[in-house]
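Below is one structure; the comments refer to it alone.
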Amino acid sequence: MARTPLLAGNWKMNLNHVEATGLVQKLAWSLADGRYEPAKAEAAVIVPFTDIRSVQTLIEGDKLPLKFGAQDVSEHDSGAYTGEISADMLAKLNVSYVVVGHSERREYHGETDALINAKAKKVIAAGMTPIICVGEVLEIRKEGRHVPYVLTQTEGVLDGLTPEQVGALVIAYEPVWAIGTGEVATPEDAQEVCGAIRGYVESTFGAEAAAAVRIQYGGSVKASNVAEIMAKPDVDGALVGGASLNAEEFARIVLLSA
Ligand code: 13P
């Protein structure tokens with residue numbers, strides 16, 4: 001089964017809604033200049049909550065070939081949860097993708113695999129696609145325990161999902177030591193873990209789910225290194241941080257993956 005790569009730009013806490021529309025417009029121009037074919041590689045921007053409405057209006061109004069997403073979601077449906085945003089609120093804005101369990105949420109907000117699993121289920125129930133993040137810290141990698149560690153995370157975050165649900169979602173393997181450090185995992189490092197994740201999905205959810213699930217690599221991805229990472233058989237795209245804040249650079253990343 002052919003999987004369409006997904007290149008998702010995680011802006012993190014950058015760009016207000018005015019800056020956001022500027023970047024999306026530039027991104028669309030750069031992609032058009034490069035004769036972007038959305039059927040070959042999907043491009044998405046994962047923006048701060050306050051940018052979503054403006055980005056939605058621009059993308060839908062100008063029919064830009066871009067998807068958009070959110071960086072987190074509440075595990076609750078509604079109620080007295082000050083500061084939280086529900087999956088239904090995001091779905092109402094036509095959000096396609098919701099990142100859950102990013103390592104920065106795990107580290108600074110104490111998010112556990114069980115919580116991330118609950119959030120992923122809310123995203124799916126609201127009709128959107130979760131991008132579920134897993135990845136090891138440097139210490140685990142140095143001890144050579146990265147594969148079993150990431151598979152334990154994968155087991156936790158996918159718990160209770162059906163094979164159809166798993167086949168339709170996105171898993172992002174982001175080794176924490178490669179995020180924002182300029183330290184990029186080698187293509188072989190990325191393939192080792194992405195391949196192991198697909199193997200886990202196959203043994204737990206079946207061959208169809210394993211063939212369909214998209215597994216991204218994330219961590220210091222740039223135009224200069226994306227092609228060799230994307231060439232690996234089990235890497236189906238990238239979750240891009242810093243480089244996605246530059247429209248031309250992110251466009252090159254998308255075009256090189258198509
Ligand atoms: P960088 O691309 O800046 O390393 O960030 C990766 C990331 O965390 C994307 O979610």
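Naming scheme: A, B, ... for chains in displayed order of the structure tokens; residues 1 onward per chain; ligands 1 onward as shown.
Within the 8 Å cut-off around stretch 111-124 of chain A, using only C-alpha atoms and omitting residues fewer than 4 positions from it on the same chain, the listed residues are Val73, Ser74, Glu75, His76, Asp77, Ala87, Val98, Val100, Gly101, Arg105, Arg106, Glu107, Met128, Thr129, Pro130, Ile132, Gln153, Gly156, Val157, Leu158, Asp159, Leu161 and Gln165 of chain A.
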- Item | Protein and nucleic acid residues within 7 Å of ligand 1 (only C-alpha atoms and all ligand atoms) as a list in words |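 Counting only C-alpha atoms and all ligand atoms, the residues within 7 Å of ligand 1 come out as Asn10, His102, Glu174, Ala178, Ile179, Gly180, Thr181, Gly182, Gly218, Gly219, Ser220, Val221, Leu239, Val240, Gly241, Gly242 and Ala243 of chain A.
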- Report the residues of stretch 61-196 of chain A whose backbone DSSP state falls under alpha helix (DSSP H), written as a PyMOL selection string. chain A and resi 61+87-92+103-109+113-125+138-142+146-157+163-168+187-196
- Item | Neighbour list for A:Lys40 as JSON, numbers by chain, cut-off 9 Å, only C-alpha atoms, skip fewer than 2 positions in-chain | {"A": [4, 5, 36, 37, 38, 42, 257, 258]}
Atoms kept (all heavy atoms) for selection, written as an mmCIF file, in the first residue's frame:
```cif
data_model
loop_
_atom_site.group_PDB
_atom_site.id
_atom_site.type_symbol
_atom_site.label_atom_id
_atom_site.label_comp_id
_atom_site.auth_asym_id
_atom_site.auth_seq_id
_atom_site.Cartn_x
_atom_site.Cartn_y
_atom_site.Cartn_z
ATOM 1 N N THR A 4 0.937 8.177 1.539
ATOM 2 C CA THR A 4 1.303 9.547 1.156
ATOM 3 C C THR A 4 2.093 10.169 2.297
ATOM 4 O O THR A 4 1.599 10.225 3.432
ATOM 5 C CB THR A 4 0.043 10.395 0.893
ATOM 6 O OG1 THR A 4 -0.773 9.691 -0.040
ATOM 7 C CG2 THR A 4 0.401 11.758 0.344
ATOM 8 N N PRO A 5 3.313 10.635 2.041
ATOM 9 C CA PRO A 5 4.093 11.248 3.124
ATOM 10 C C PRO A 5 3.386 12.487 3.675
ATOM 11 O O PRO A 5 2.699 13.195 2.935
ATOM 12 C CB PRO A 5 5.408 11.650 2.453
ATOM 13 C CG PRO A 5 5.438 10.994 1.136
ATOM 14 C CD PRO A 5 4.034 10.618 0.766
ATOM 15 N N TYR A 36 4.250 22.134 -6.765
ATOM 16 C CA TYR A 36 3.857 21.164 -5.723
ATOM 17 C C TYR A 36 2.640 20.359 -6.147
ATOM 18 O O TYR A 36 1.646 20.916 -6.612
ATOM 19 C CB TYR A 36 3.550 21.951 -4.447
ATOM 20 C CG TYR A 36 2.871 21.171 -3.342
ATOM 21 C CD1 TYR A 36 3.429 19.999 -2.852
ATOM 22 C CD2 TYR A 36 1.673 21.626 -2.785
ATOM 23 C CE1 TYR A 36 2.800 19.293 -1.832
ATOM 24 C CE2 TYR A 36 1.047 20.932 -1.768
ATOM 25 C CZ TYR A 36 1.619 19.767 -1.298
ATOM 26 O OH TYR A 36 1.001 19.073 -0.289
ATOM 27 N N GLU A 37 2.734 19.049 -5.965
ATOM 28 C CA GLU A 37 1.594 18.159 -6.243
ATOM 29 C C GLU A 37 1.147 17.518 -4.933
ATOM 30 O O GLU A 37 1.807 16.603 -4.430
ATOM 31 C CB GLU A 37 2.004 17.062 -7.224
ATOM 32 C CG GLU A 37 2.320 17.574 -8.615
ATOM 33 C CD GLU A 37 2.738 16.426 -9.530
ATOM 34 O OE1 GLU A 37 1.977 15.449 -9.635
ATOM 35 O OE2 GLU A 37 3.834 16.506 -10.095
ATOM 36 N N PRO A 38 0.039 17.988 -4.368
ATOM 37 C CA PRO A 38 -0.411 17.502 -3.055
ATOM 38 C C PRO A 38 -0.615 15.986 -3.010
ATOM 39 O O PRO A 38 -0.472 15.383 -1.946
ATOM 40 C CB PRO A 38 -1.746 18.223 -2.841
ATOM 41 C CG PRO A 38 -1.727 19.386 -3.758
ATOM 42 C CD PRO A 38 -0.846 19.041 -4.906
ATOM 43 N N GLU A 42 1.729 15.350 1.453
ATOM 44 C CA GLU A 42 0.794 16.257 2.108
ATOM 45 C C GLU A 42 1.591 17.262 2.941
ATOM 46 O O GLU A 42 2.544 16.875 3.625
ATOM 47 C CB GLU A 42 -0.043 15.399 3.055
ATOM 48 C CG GLU A 42 -1.523 15.658 3.053
ATOM 49 C CD GLU A 42 -2.189 14.770 4.099
ATOM 50 O OE1 GLU A 42 -1.977 13.541 4.093
ATOM 51 O OE2 GLU A 42 -2.910 15.329 4.921
ATOM 52 N N SER A 257 10.249 15.864 -0.630
ATOM 53 C CA SER A 257 9.637 14.625 -0.126
ATOM 54 C C SER A 257 8.559 14.106 -1.072
ATOM 55 O O SER A 257 7.966 13.056 -0.823
ATOM 56 C CB SER A 257 9.015 14.871 1.252
ATOM 57 O OG SER A 257 9.970 15.426 2.119
ATOM 58 N N ALA A 258 8.267 14.871 -2.116
ATOM 59 C CA ALA A 258 7.143 14.500 -3.002
ATOM 60 C C ALA A 258 7.596 13.492 -4.074
ATOM 61 O O ALA A 258 8.763 13.408 -4.397
ATOM 62 C CB ALA A 258 6.573 15.750 -3.660
#
```
- Task: Can you check which residues of stretch 13-258 of chain A DSSP gives as strand (DSSP E) on the backbone and send them as a PyMOL selection string?
- Result: chain A and resi 42-47+67-70+97-100+129-134+170-173+214-218+237-240
Next, the residues of the selection above should be written as an mmCIF file, in the first residue's frame with C-alpha atoms.
```
data_model
loop_
_atom_site.group_PDB
_atom_site.id
_atom_site.type_symbol
_atom_site.label_atom_id
_atom_site.label_comp_id
_atom_site.auth_asym_id
_atom_site.auth_seq_id
_atom_site.Cartn_x
_atom_site.Cartn_y
_atom_site.Cartn_z
ATOM 1 C CA GLU A 42 0.794 16.257 2.108
ATOM 2 C CA ALA A 43 1.849 19.540 3.704
ATOM 3 C CA ALA A 44 0.413 20.753 6.996
ATOM 4 C CA VAL A 45 1.024 23.604 9.421
ATOM 5 C CA ILE A 46 0.572 22.848 13.118
ATOM 6 C CA VAL A 47 -0.123 26.229 14.652
ATOM 7 C CA LYS A 67 -3.814 21.185 5.847
ATOM 8 C CA PHE A 68 -3.671 22.706 9.299
ATOM 9 C CA GLY A 69 -3.538 21.361 12.786
ATOM 10 C CA ALA A 70 -3.270 22.031 16.519
ATOM 11 C CA TYR A 97 -4.371 17.058 12.583
ATOM 12 C CA VAL A 98 -3.791 17.326 16.318
ATOM 13 C CA VAL A 99 -0.345 16.651 17.754
ATOM 14 C CA VAL A 100 -0.563 14.788 21.053
ATOM 15 C CA THR A 129 -6.277 12.623 12.924
ATOM 16 C CA PRO A 130 -3.880 12.514 15.862
ATOM 17 C CA ILE A 131 -0.142 12.813 15.317
ATOM 18 C CA ILE A 132 1.063 10.882 18.342
ATOM 19 C CA CYS A 133 4.644 11.572 19.417
ATOM 20 C CA VAL A 134 7.078 9.092 20.904
ATOM 21 C CA VAL A 170 0.134 9.246 12.396
ATOM 22 C CA ILE A 171 2.956 8.354 14.761
ATOM 23 C CA ALA A 172 5.879 10.756 15.012
ATOM 24 C CA TYR A 173 9.193 9.335 16.197
ATOM 25 C CA ARG A 214 2.120 6.790 8.695
ATOM 26 C CA ILE A 215 5.274 7.101 10.779
ATOM 27 C CA GLN A 216 7.122 10.406 10.740
ATOM 28 C CA TYR A 217 10.613 11.267 11.882
ATOM 29 C CA GLY A 218 11.167 14.523 13.749
ATOM 30 C CA GLY A 237 7.239 12.092 6.450
ATOM 31 C CA ALA A 238 8.589 14.514 8.995
ATOM 32 C CA LEU A 239 7.452 16.613 11.914
ATOM 33 C CA VAL A 240 9.500 19.751 11.434
#
```
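In this structure, atom CA of A:Thr152 sits 26.2 Å away from atom CA of A:Ala126.
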Contacts of A:Asp62 within 10 Å, only C-alpha atoms, excl. fewer than 5 positions in-chain, as a tab-separated table (two decimals) with C-alpha atoms, in the first residue's frame:
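Saved file out.tsv follows:
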```tsv
chain	number	residue	atom	x	y	z
A	25	GLN	CA	0.70	32.80	2.13
A	28	ALA	CA	1.69	28.54	-0.68
A	56	GLN	CA	-8.41	28.29	8.40
A	57	THR	CA	-9.97	31.36	6.78
```
- Quote the spacing between atom CA of A:Val235 and atom CA of A:Gln191 in Å to one decimal place. 6.5 Å
- In terms of only C-alpha atoms, the residue from A:Ala32, A:Glu104, A:Val201, A:Ile253 at minimal distance from A:Leu169 is A:Val201
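With only C-alpha atoms as the atoms that count, the minimum distance from A:Met13 to the choices A:Asp33, A:Asp236, A:Asp51, A:Glu249 is reached by A:Asp51.
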